$ cat structure.csv   # CSV, C-alpha atoms
chain,number,residue,atom,x,y,z
J,1,MET,CA,146.2,132.2,14.7
J,2,LEU,CA,146.8,135.9,15.7
J,3,PRO,CA,145.4,137.3,12.4
J,4,ILE,CA,142.3,135.2,12.7
J,5,LEU,CA,141.7,136.3,16.3
J,6,LEU,CA,142.3,139.9,15.2
J,7,LEU,CA,139.8,139.5,12.3
J,8,ILE,CA,137.1,138.1,14.6
J,9,LEU,CA,137.6,140.9,17.1
J,10,THR,CA,137.6,143.5,14.3
J,11,VAL,CA,134.3,142.2,12.8
J,12,SER,CA,132.6,142.1,16.2
J,13,ALA,CA,133.8,145.5,17.3
J,14,CYS,CA,132.9,147.2,14.0
J,15,ASN,CA,129.3,145.9,13.8
J,16,ASP,CA,128.2,148.5,16.2
J,17,SER,CA,124.7,149.1,14.7
J,18,PRO,CA,122.1,146.8,16.1
J,19,TYR,CA,120.2,147.2,12.8
J,20,MET,CA,122.2,144.9,10.6
J,21,GLN,CA,119.5,144.3,8.0
J,22,GLY,CA,118.8,148.0,7.9
J,23,LYS,CA,122.5,148.8,7.5
J,24,ARG,CA,122.8,146.2,4.7
J,25,LEU,CA,119.7,147.5,2.8
J,26,TYR,CA,120.9,151.1,3.3
J,27,THR,CA,124.3,150.3,1.8
J,28,VAL,CA,122.8,148.6,-1.2
J,29,ARG,CA,119.7,150.8,-1.8
J,30,CYS,CA,120.4,154.2,-0.5
J,31,ALA,CA,124.2,154.8,-0.1
J,32,ASN,CA,124.7,155.2,-3.9
J,33,CYS,CA,123.0,158.5,-3.6
J,34,HIS,CA,122.9,159.6,0.0
J,35,MET,CA,126.4,158.2,0.6
J,36,GLU,CA,127.7,155.8,3.3
J,37,ASP,CA,127.8,158.7,5.8
J,38,GLY,CA,124.4,160.1,4.9
J,39,THR,CA,125.7,163.5,3.8
J,40,GLY,CA,124.3,163.4,0.2
J,41,LEU,CA,125.9,165.3,-2.6
J,42,SER,CA,126.0,169.1,-2.9
J,43,ARG,CA,122.7,170.4,-4.4
J,44,LEU,CA,121.9,167.1,-6.1
J,45,ILE,CA,121.1,164.8,-3.2
J,46,PRO,CA,120.0,166.0,0.2
J,47,PRO,CA,121.7,165.0,3.5
J,48,LEU,CA,119.6,162.8,5.8
J,49,ALA,CA,120.6,164.0,9.3
J,50,THR,CA,118.9,167.4,8.8
J,51,SER,CA,115.7,166.0,7.2
J,52,LYS,CA,112.4,166.9,8.9
J,53,LEU,CA,111.5,163.2,8.4
J,54,MET,CA,114.2,162.0,10.9
J,55,GLY,CA,113.3,160.4,14.2
J,56,GLY,CA,110.2,158.4,13.4
J,57,ALA,CA,108.1,156.5,10.8
J,58,ALA,CA,107.5,159.5,8.7
J,59,MET,CA,110.2,158.6,6.3
J,60,ALA,CA,108.4,155.4,5.2
J,61,CYS,CA,106.4,157.2,2.5
J,62,VAL,CA,109.5,158.7,0.9
J,63,ILE,CA,111.1,155.2,0.8
J,64,ALA,CA,108.0,153.5,-0.6
J,65,ASN,CA,106.8,156.1,-3.1
J,66,GLY,CA,110.0,158.1,-3.9
J,67,LEU,CA,110.1,161.9,-3.8
J,68,ARG,CA,110.0,164.5,-6.6
J,69,ASP,CA,110.5,168.3,-6.7
J,70,THR,CA,110.2,168.7,-3.0
J,71,ILE,CA,113.6,169.3,-1.4
J,72,PHE,CA,115.1,170.7,-4.6
J,73,ARG,CA,112.0,172.3,-6.0
J,74,ASP,CA,113.9,175.6,-6.3
J,75,SER,CA,116.7,174.0,-8.2
J,76,VAL,CA,116.8,174.3,-12.0
J,77,TYR,CA,118.4,170.9,-12.3
J,78,LEU,CA,116.0,168.4,-13.9
J,79,PRO,CA,116.1,165.1,-12.1
J,80,ARG,CA,115.1,166.3,-8.7
J,81,GLU,CA,113.8,162.9,-8.0
J,82,MET,CA,114.3,159.9,-5.7
J,83,PRO,CA,113.1,156.6,-7.0
J,84,ALA,CA,110.3,154.6,-5.2
J,85,PHE,CA,111.3,151.4,-3.5
J,86,LYS,CA,108.1,149.5,-4.1
J,87,GLY,CA,109.6,146.0,-3.5
J,88,LEU,CA,110.5,146.5,0.1
J,89,SER,CA,108.4,144.9,2.8
J,90,SER,CA,107.3,146.9,5.8
J,91,THR,CA,109.8,145.0,8.0
J,92,GLU,CA,112.6,146.0,5.6
J,93,VAL,CA,111.5,149.6,5.6
J,94,THR,CA,111.3,149.6,9.4
J,95,ASN,CA,114.9,148.2,9.6
J,96,ILE,CA,116.2,150.9,7.2
J,97,ILE,CA,114.4,153.7,9.2
J,98,ASN,CA,115.8,152.4,12.5
J,99,TYR,CA,119.3,152.1,11.0
J,100,ILE,CA,119.2,155.7,9.7
J,101,ASN,CA,117.7,157.1,12.9
J,102,HIS,CA,120.1,155.1,15.2
J,103,THR,CA,123.1,156.4,13.2
J,104,TRP,CA,122.2,160.0,12.6
J,105,HIS,CA,119.4,161.1,14.9
J,106,LYS,CA,119.7,161.8,18.7
J,107,PRO,CA,117.9,161.0,20.8
J,108,PHE,CA,117.0,157.6,19.2
J,109,THR,CA,113.7,155.9,19.7
J,110,GLU,CA,112.9,152.7,18.0
J,111,THR,CA,110.2,152.7,15.3
J,112,THR,CA,108.0,149.7,15.2
J,113,ILE,CA,106.7,147.8,12.2
J,114,LEU,CA,103.2,148.8,13.2
J,115,GLU,CA,104.0,152.5,13.2
J,116,VAL,CA,105.5,152.0,9.7
J,117,GLU,CA,102.5,150.2,8.4
J,118,GLU,CA,100.2,153.0,9.8
J,119,ALA,CA,102.4,155.6,8.2
J,120,LEU,CA,102.4,153.7,4.8
J,121,LYS,CA,98.6,153.6,4.9
J,122,ALA,CA,98.4,157.3,5.4
J,123,CYS,CA,100.8,158.2,2.6
J,124,PRO,CA,99.7,161.1,0.4
U,1,MET,CA,132.3,153.9,14.7
U,2,ASN,CA,133.2,153.0,18.3
U,3,LYS,CA,136.6,153.1,20.1
U,4,PHE,CA,137.3,149.4,19.7
U,5,CYS,CA,136.6,149.4,16.0
U,6,CYS,CA,139.1,152.2,15.5
U,7,LEU,CA,141.6,150.3,17.6
U,8,PHE,CA,141.3,147.2,15.5
U,9,ILE,CA,141.4,149.0,12.3
U,10,THR,CA,144.6,150.7,13.4
U,11,ALA,CA,146.0,147.3,14.1
U,12,TRP,CA,145.1,146.1,10.6
U,13,VAL,CA,146.7,149.1,9.0
U,14,THR,CA,149.9,148.4,10.9
U,15,VAL,CA,149.9,144.8,9.8
U,16,VAL,CA,149.3,145.6,6.2
U,17,MET,CA,151.9,148.3,6.2
U,18,LEU,CA,154.5,145.9,7.7
U,19,LEU,CA,153.6,143.3,5.1
U,20,SER,CA,153.8,145.6,2.1
U,21,CYS,CA,157.1,147.4,2.7
U,22,LYS,CA,157.6,148.4,-0.9
U,23,SER,CA,159.4,151.5,-1.9
U,24,PRO,CA,156.9,154.3,-2.5
U,25,ASN,CA,159.2,155.7,-5.2
U,26,GLU,CA,158.9,152.8,-7.5
U,27,ASP,CA,157.9,154.0,-11.0
U,28,LEU,CA,154.3,154.2,-11.9
U,29,PRO,CA,153.4,151.3,-14.2
U,30,TYR,CA,152.0,151.7,-17.7
U,31,LEU,CA,148.7,149.9,-17.8
U,32,GLY,CA,147.4,148.0,-20.8
U,33,GLN,CA,149.1,146.1,-23.5
U,34,THR,CA,152.7,147.0,-24.3
U,35,THR,CA,154.0,146.1,-27.8
U,36,GLN,CA,157.4,146.3,-29.4
U,37,ALA,CA,157.8,148.2,-32.7
U,38,ASP,CA,161.2,148.9,-34.3
U,39,GLY,CA,162.9,147.9,-31.1
U,40,LYS,CA,161.0,150.5,-29.2
U,41,THR,CA,158.4,149.8,-26.4
U,42,VAL,CA,155.0,151.2,-27.3
U,43,HIS,CA,152.5,151.6,-24.4
U,44,HIS,CA,148.7,151.6,-24.7
U,45,LYS,CA,147.2,155.0,-25.3
U,46,VAL,CA,143.7,156.3,-24.7
U,47,GLY,CA,141.7,157.1,-27.9
U,48,ASN,CA,141.3,160.5,-29.4
U,49,PHE,CA,138.3,162.6,-28.3
U,50,SER,CA,136.6,165.8,-29.4
U,51,HIS,CA,133.9,166.7,-27.0
U,52,TYR,CA,132.1,169.9,-25.9
U,53,ASN,CA,132.3,170.9,-22.3
U,54,GLN,CA,129.6,172.5,-20.1
U,55,ASP,CA,130.6,175.9,-21.5
U,56,SER,CA,130.3,174.8,-25.2
U,57,VAL,CA,134.1,174.8,-25.6
U,58,LEU,CA,135.6,172.0,-27.7
U,59,VAL,CA,138.0,169.9,-25.7
U,60,THR,CA,140.4,167.5,-27.4
U,61,ASN,CA,143.5,165.4,-26.6
U,62,LYS,CA,145.5,168.2,-28.2
U,63,SER,CA,144.0,171.0,-26.2
U,64,LEU,CA,144.9,169.1,-23.0
U,65,ALA,CA,148.4,168.0,-24.2
U,66,ASP,CA,150.1,169.6,-21.2
U,67,LYS,CA,147.7,168.2,-18.6
U,68,VAL,CA,147.5,165.2,-16.4
U,69,ILE,CA,144.0,163.9,-16.8
U,70,VAL,CA,141.7,162.3,-14.2
U,71,ALA,CA,138.7,160.9,-16.0
U,72,ASP,CA,135.4,159.1,-15.3
U,73,PHE,CA,132.3,158.1,-17.4
U,74,PHE,CA,128.9,159.0,-16.0
U,75,PHE,CA,125.5,160.3,-16.9
U,76,THR,CA,123.5,163.0,-15.1
U,77,SER,CA,120.3,161.0,-14.6
U,78,CYS,CA,122.3,158.0,-13.3
U,79,PRO,CA,120.4,156.4,-10.3
U,80,SER,CA,123.1,153.9,-9.4
U,81,ILE,CA,126.8,154.5,-8.9
U,82,CYS,CA,127.5,157.9,-10.4
U,83,PRO,CA,126.9,160.1,-7.3
U,84,LYS,CA,129.4,158.0,-5.4
U,85,VAL,CA,132.0,158.2,-8.1
U,86,ILE,CA,131.5,162.0,-8.6
U,87,ARG,CA,132.0,162.5,-4.8
U,88,GLU,CA,135.4,160.7,-5.0
U,89,MET,CA,136.3,162.9,-8.0
U,90,MET,CA,135.4,165.9,-5.8
U,91,LYS,CA,137.8,164.6,-3.1
U,92,ILE,CA,140.5,164.3,-5.6
U,93,GLN,CA,139.9,167.7,-7.1
U,94,GLU,CA,140.1,169.1,-3.6
U,95,ALA,CA,143.4,167.4,-3.0
U,96,PHE,CA,144.8,169.1,-6.2
U,97,LYS,CA,143.0,172.4,-6.0
U,98,ASP,CA,146.4,174.3,-6.2
U,99,GLU,CA,147.8,172.1,-9.0
U,100,PRO,CA,146.9,173.5,-12.4
U,101,MET,CA,148.6,170.5,-14.2
U,102,VAL,CA,145.7,168.2,-13.1
U,103,THR,CA,142.5,168.4,-15.2
U,104,PHE,CA,139.3,166.5,-14.5
U,105,LEU,CA,137.1,165.1,-17.2
U,106,SER,CA,133.6,163.5,-16.8
U,107,PHE,CA,132.4,162.0,-20.1
U,108,THR,CA,128.6,161.5,-20.4
U,109,ILE,CA,127.6,158.2,-21.9
U,110,ASP,CA,124.1,159.5,-22.4
U,111,PRO,CA,124.7,162.4,-24.8
U,112,LYS,CA,121.1,162.3,-26.1
U,113,ARG,CA,119.8,163.6,-22.8
U,114,ASP,CA,123.0,165.2,-21.5
U,115,ASP,CA,123.5,168.2,-23.7
U,116,VAL,CA,125.7,171.2,-22.9
U,117,ALA,CA,122.9,173.0,-21.0
U,118,ARG,CA,122.2,170.0,-18.8
U,119,LEU,CA,125.8,169.4,-18.0
U,120,LYS,CA,126.1,173.1,-17.1
U,121,LEU,CA,123.2,172.7,-14.6
U,122,TYR,CA,124.8,169.6,-13.2
U,123,ALA,CA,128.2,171.2,-12.7
U,124,ASP,CA,126.6,174.3,-11.2
U,125,ASN,CA,124.7,172.2,-8.7
U,126,LEU,CA,127.8,170.3,-7.8
U,127,GLY,CA,129.5,173.5,-6.9
U,128,ILE,CA,133.0,172.4,-8.2
U,129,ASP,CA,135.8,174.4,-9.7
U,130,GLN,CA,134.7,174.4,-13.4
U,131,SER,CA,137.9,175.9,-14.7
U,132,ARG,CA,139.6,172.5,-14.3
U,133,TRP,CA,136.7,170.0,-14.4
U,134,TYR,CA,135.0,169.5,-17.7
U,135,PHE,CA,131.7,167.7,-18.2
U,136,LEU,CA,131.9,166.4,-21.8
U,137,THR,CA,129.3,165.5,-24.3
U,138,GLY,CA,129.9,164.1,-27.8
U,139,ASP,CA,129.0,161.3,-30.2
U,140,LYS,CA,127.6,158.4,-28.3
U,141,ASP,CA,129.4,155.5,-30.1
U,142,ALA,CA,132.7,157.4,-30.1
U,143,THR,CA,132.3,157.9,-26.4
U,144,PHE,CA,131.6,154.2,-25.8
U,145,ASP,CA,134.7,153.3,-27.9
U,146,LEU,CA,136.7,155.9,-26.0
U,147,ALA,CA,135.6,154.4,-22.7
U,148,ASN,CA,137.1,151.1,-23.8
U,149,THR,CA,140.5,152.7,-24.3
U,150,PHE,CA,140.2,154.0,-20.7
U,151,PHE,CA,139.5,150.4,-19.6
U,152,VAL,CA,136.0,151.5,-18.6
U,153,ALA,CA,133.1,149.2,-19.8
U,154,ALA,CA,130.2,151.3,-20.9
U,155,PHE,CA,127.2,150.1,-22.9
U,156,GLU,CA,123.4,150.6,-23.2
U,157,ASP,CA,121.4,148.1,-21.3
U,158,LYS,CA,117.6,148.3,-21.0
U,159,ASP,CA,117.7,146.4,-17.7
U,160,ALA,CA,120.4,148.4,-16.0
U,161,PRO,CA,119.3,151.2,-13.7
U,162,GLY,CA,118.9,154.3,-15.9
U,163,GLY,CA,119.4,152.3,-19.1
U,164,PHE,CA,123.2,152.2,-19.1
U,165,ASP,CA,125.7,149.8,-17.6
U,166,HIS,CA,129.2,151.1,-16.9
U,167,SER,CA,131.9,150.7,-14.3
U,168,GLY,CA,132.8,153.5,-11.9
U,169,LYS,CA,136.5,153.5,-12.5
U,170,ILE,CA,138.4,156.8,-12.1
U,171,ILE,CA,141.4,156.8,-14.5
U,172,LEU,CA,144.7,158.6,-14.4
U,173,VAL,CA,146.2,159.5,-17.9
U,174,ASP,CA,149.6,161.1,-18.3
U,175,LYS,CA,150.4,163.9,-20.7
U,176,GLU,CA,151.4,161.4,-23.4
U,177,GLY,CA,148.0,159.6,-23.2
U,178,HIS,CA,149.1,156.6,-21.3
U,179,VAL,CA,146.9,155.1,-18.5
U,180,ARG,CA,149.0,155.1,-15.3
U,181,SER,CA,146.7,154.3,-12.5
U,182,PHE,CA,143.0,154.0,-11.5
U,183,SER,CA,140.7,153.7,-8.6
U,184,GLU,CA,137.2,152.2,-8.1
U,185,GLY,CA,135.0,155.3,-7.7
U,186,THR,CA,132.5,153.2,-5.9
U,187,ASP,CA,135.0,152.2,-3.2
U,188,PRO,CA,136.3,155.3,-1.3
U,189,SER,CA,139.1,153.2,0.2
U,190,THR,CA,140.9,153.1,-3.2
U,191,THR,CA,141.0,156.9,-3.5
U,192,PRO,CA,144.0,157.6,-1.4
U,193,LYS,CA,146.3,155.4,-3.5
U,194,LEU,CA,145.1,157.2,-6.7
U,195,ILE,CA,145.7,160.6,-5.1
U,196,ASN,CA,149.2,159.4,-4.2
U,197,ASP,CA,149.8,158.2,-7.8
U,198,ILE,CA,148.7,161.5,-9.3
U,199,ARG,CA,151.0,163.3,-6.9
U,200,ARG,CA,153.9,161.0,-8.0
U,201,LEU,CA,153.2,161.6,-11.7
U,202,VAL,CA,153.0,165.4,-11.2
U,203,ASP,CA,156.2,165.4,-9.3
U,204,LEU,CA,157.9,163.4,-12.0
U,205,TYR,CA,156.9,166.0,-14.7
U,206,LYS,CA,158.1,168.8,-12.4
U,207,ALA,CA,161.4,167.1,-11.7
U,208,ASN,CA,162.0,166.5,-15.5
U,209,GLN,CA,161.3,170.2,-16.2
U,210,LYS,CA,164.2,171.3,-14.2

$ encode --input "structure.csv" --output "structure tokens"
Amino acid sequence: MLPILLLILTVSACNDSPYMQGKRLYTVRCANCHMEDGTGLSRLIPPLATSKLMGGAAMACVIANGLRDTIFRDSVYLPREMPAFKGLSSTEVTNIINYINHTWHKPFTETTILEVEEALKACP
Amino acid sequence: MNKFCCLFITAWVTVVMLLSCKSPNEDLPYLGQTTQADGKTVHHKVGNFSHYNQDSVLVTNKSLADKVIVADFFFTSCPSICPKVIREMMKIQEAFKDEPMVTFLSFTIDPKRDDVARLKLYADNLGIDQSRWYFLTGDKDATFDLANTFFVAAFEDKDAPGGFDHSGKIILVDKEGHVRSFSEGTDPSTTPKLINDIRRLVDLYKANQK
């Protein structure tokens, strides 16, 4: 009985992000490269917390279309590239963005699906 | 992570520790098939390799005969698990930065694209200690066969991200070529045990030297 109670308490206490779908998608789609803690990998994958795209919907274009030769354009290493995530719905993109901003950006303001759809329409 | 989460995780760690009160000095196992020949026990060994590192130096089992090896299989354009595995390798190298007996090997399973020059760029961009971490390229089929002897599955697969499917295991091999421990490079929680096992193996060799 005690272990079960402990398990329930642990699970509820550890789920401290209100953006559960965003967290799950981040873990599956992004953490391979940007890592669970968002810090990236040396000069191969950039950290997220210091990105200029943090704090709002601006990141949507990078997620939907990928990014190439931008952050690491000065690097001689060849695959300076992040893949595009074409299959994600705007709801999913919004949840990822909110998870990332809620976890690594202060002060946090929630991004809406409408803002993300606007941003996606305006992608370069 | 919030306060309560930490508290409960601590509780779990305590429970697990109490349940698994095994002696930490128990001998490291030999992994793989063990056979009997002429009354002697023969343990599984990793295959022979002869690969070039990022500085075009030929690296073989022989040239590493007095080293404890920590190895993984990867490729530089890998969009899936490789960065995670490499990061765990970096953690392990950091833990043994003052221990010259421990050498790190990352074999590319995509030698067509990963030539010496590209491996050099990759290593430079990682910013690791390249005197004891070799990124190795060689014959593709030989590397796939080698991976099997390290108990790492590696094969070409058009449908896998990047065109190759492989597991992210990090393997510990002793000086005699026996596999002694491994971790899942994709699961950071398995890294501390591997670090502990490497430490035990190194200490064993040091104790036997005296």

$ residues_near_point --input "structure.csv" --point "(150.5, 154.3, -15.1)" --cutoff "9 Å" --atoms "all atoms listed in the file" --output "count of residues only"
15

$ atom_distance --input "structure.csv" --atom1 "CA of Tyr205 in chain U" --atom2 "CA of Leu105 in chain U"
20.0 Å

$ atom_distance --input "structure.csv" --atom1 "CA of Phe73 in chain U" --atom2 "CA of Thr70 in chain J"
28.4 Å

$ closest_residue --input "structure.csv" --among "J:Met82, J:Met20, J:Ile63, J:Val93" --to "chain U" --atoms "all atoms listed in the file"
J:Met82

$ residues_around --input "structure.csv" --residues "range 104-120 of chain J" --least-positions-apart "5" --cutoff "9 Å" --atoms "all atoms listed in the file" --output "PyMOL selection string"
chain J and resi 37-38+48-50+54-61+64+90-91+93-95+97-99

$ atom_distance --input "structure.csv" --atom1 "CA of Tyr52 in chain U" --atom2 "CA of Gly40 in chain J"
28.0 Å

$ residues_around --input "structure.csv" --residues "Ser42 in chain J" --least-positions-apart "3" --cutoff "7 Å" --atoms "only C-alpha atoms" --output "PyMOL selection string"
(chain J and resi 45) or (chain U and resi 125-127)

$ residues_around --input "structure.csv" --residues "Met35 in chain J" --least-positions-apart "6" --cutoff "10 Å" --atoms "all atoms listed in the file" --output "JSON list (two decimals) with C-alpha atoms, in the coordinates of the input"
[["chain", "number", "residue", "atom", "x", "y", "z"],
["J", 26, "TYR", "CA", 120.90, 151.10, 3.30],
["J", 27, "THR", "CA", 124.30, 150.30, 1.80],
["J", 41, "LEU", "CA", 125.90, 165.30, -2.60],
["J", 45, "ILE", "CA", 121.10, 164.80, -3.20],
["J", 47, "PRO", "CA", 121.70, 165.00, 3.50],
["J", 48, "LEU", "CA", 119.60, 162.80, 5.80],
["U", 83, "PRO", "CA", 126.90, 160.10, -7.30],
["U", 84, "LYS", "CA", 129.40, 158.00, -5.40],
["U", 87, "ARG", "CA", 132.00, 162.50, -4.80]]

$ closest_residue --input "structure.csv" --among "U:Glu94, U:Cys78, U:Thr143, U:Lys158" --to "Tyr122 in chain U" --atoms "only C-alpha atoms"
U:Cys78

$ closest_residue --input "structure.csv" --among "U:Lys112, U:Thr35, U:Ile86, U:Lys67" --to "chain J" --atoms "only C-alpha atoms"
U:Ile86

$ closest_residue --input "structure.csv" --among "U:Ser80, U:Ser50, U:Gln209, U:Thr108" --to "chain J" --atoms "all atoms listed in the file"
U:Ser80

$ closest_residue --input "structure.csv" --among "J:Leu25, J:Ile96, J:Arg68, J:Leu44" --to "chain U" --atoms "only C-alpha atoms"
J:Leu44

$ closest_residue --input "structure.csv" --among "U:Thr76, U:Gln93, U:Thr191, U:Asn196" --to "chain J" --atoms "all atoms listed in the file"
U:Thr76

$ residues_around --input "structure.csv" --residues "Ala147 in chain U" --least-positions-apart "6" --cutoff "12 Å" --atoms "only C-alpha atoms" --output "VMD selection string"
chain U and resid 45 to 49 71 to 74 106 to 109 140 to 141 153 to 155 166 to 171

$ build_atoms --input "structure.csv" --residues "range 39-52 of chain J" --atoms "N, CA, C and O atoms" --output "compact mmCIF listing (two decimals), keeping the file's coordinate frame"
# COMPACT_ATOMS: atom_id res chain seq x y z
N THR J 39 125.55 162.02 4.01
CA THR J 39 125.70 163.50 3.80
C THR J 39 125.21 163.91 2.42
O THR J 39 125.19 165.10 2.13
N GLY J 40 124.85 162.99 1.52
CA GLY J 40 124.30 163.40 0.20
C GLY J 40 125.42 163.97 -0.68
O GLY J 40 126.61 163.74 -0.47
N LEU J 41 124.99 164.76 -1.68
CA LEU J 41 125.90 165.30 -2.60
C LEU J 41 125.52 166.70 -3.07
O LEU J 41 124.57 166.87 -3.83
N SER J 42 126.20 167.68 -2.52
CA SER J 42 126.00 169.10 -2.90
C SER J 42 124.50 169.41 -3.04
O SER J 42 123.70 169.05 -2.17
N ARG J 43 124.12 170.08 -4.16
CA ARG J 43 122.70 170.40 -4.40
C ARG J 43 122.05 169.40 -5.30
O ARG J 43 121.16 169.74 -6.06
N LEU J 44 122.53 168.18 -5.25
CA LEU J 44 121.90 167.10 -6.10
C LEU J 44 121.18 166.11 -5.26
O LEU J 44 120.14 165.61 -5.67
N ILE J 45 121.75 165.78 -4.10
CA ILE J 45 121.10 164.80 -3.20
C ILE J 45 121.18 165.29 -1.79
O ILE J 45 122.26 165.65 -1.31
N PRO J 46 120.04 165.36 -1.10
CA PRO J 46 120.00 166.00 0.20
C PRO J 46 120.66 165.10 1.30
O PRO J 46 120.61 163.87 1.20
N PRO J 47 121.24 165.72 2.33
CA PRO J 47 121.70 165.00 3.50
C PRO J 47 120.55 164.45 4.29
O PRO J 47 119.47 165.04 4.25
N LEU J 48 120.74 163.36 5.04
CA LEU J 48 119.60 162.80 5.80
C LEU J 48 119.52 163.36 7.20
O LEU J 48 118.41 163.59 7.69
N ALA J 49 120.66 163.63 7.85
CA ALA J 49 120.60 164.00 9.30
C ALA J 49 119.74 165.22 9.52
O ALA J 49 119.08 165.30 10.55
N THR J 50 119.68 166.17 8.58
CA THR J 50 118.90 167.40 8.80
C THR J 50 117.49 167.31 8.27
O THR J 50 116.75 168.29 8.33
N SER J 51 117.10 166.15 7.76
CA SER J 51 115.70 166.00 7.20
C SER J 51 114.69 166.13 8.30
O SER J 51 114.86 165.64 9.41
N LYS J 52 113.56 166.75 7.96
CA LYS J 52 112.40 166.90 8.90
C LYS J 52 111.83 165.49 9.17
O LYS J 52 111.08 165.31 10.12
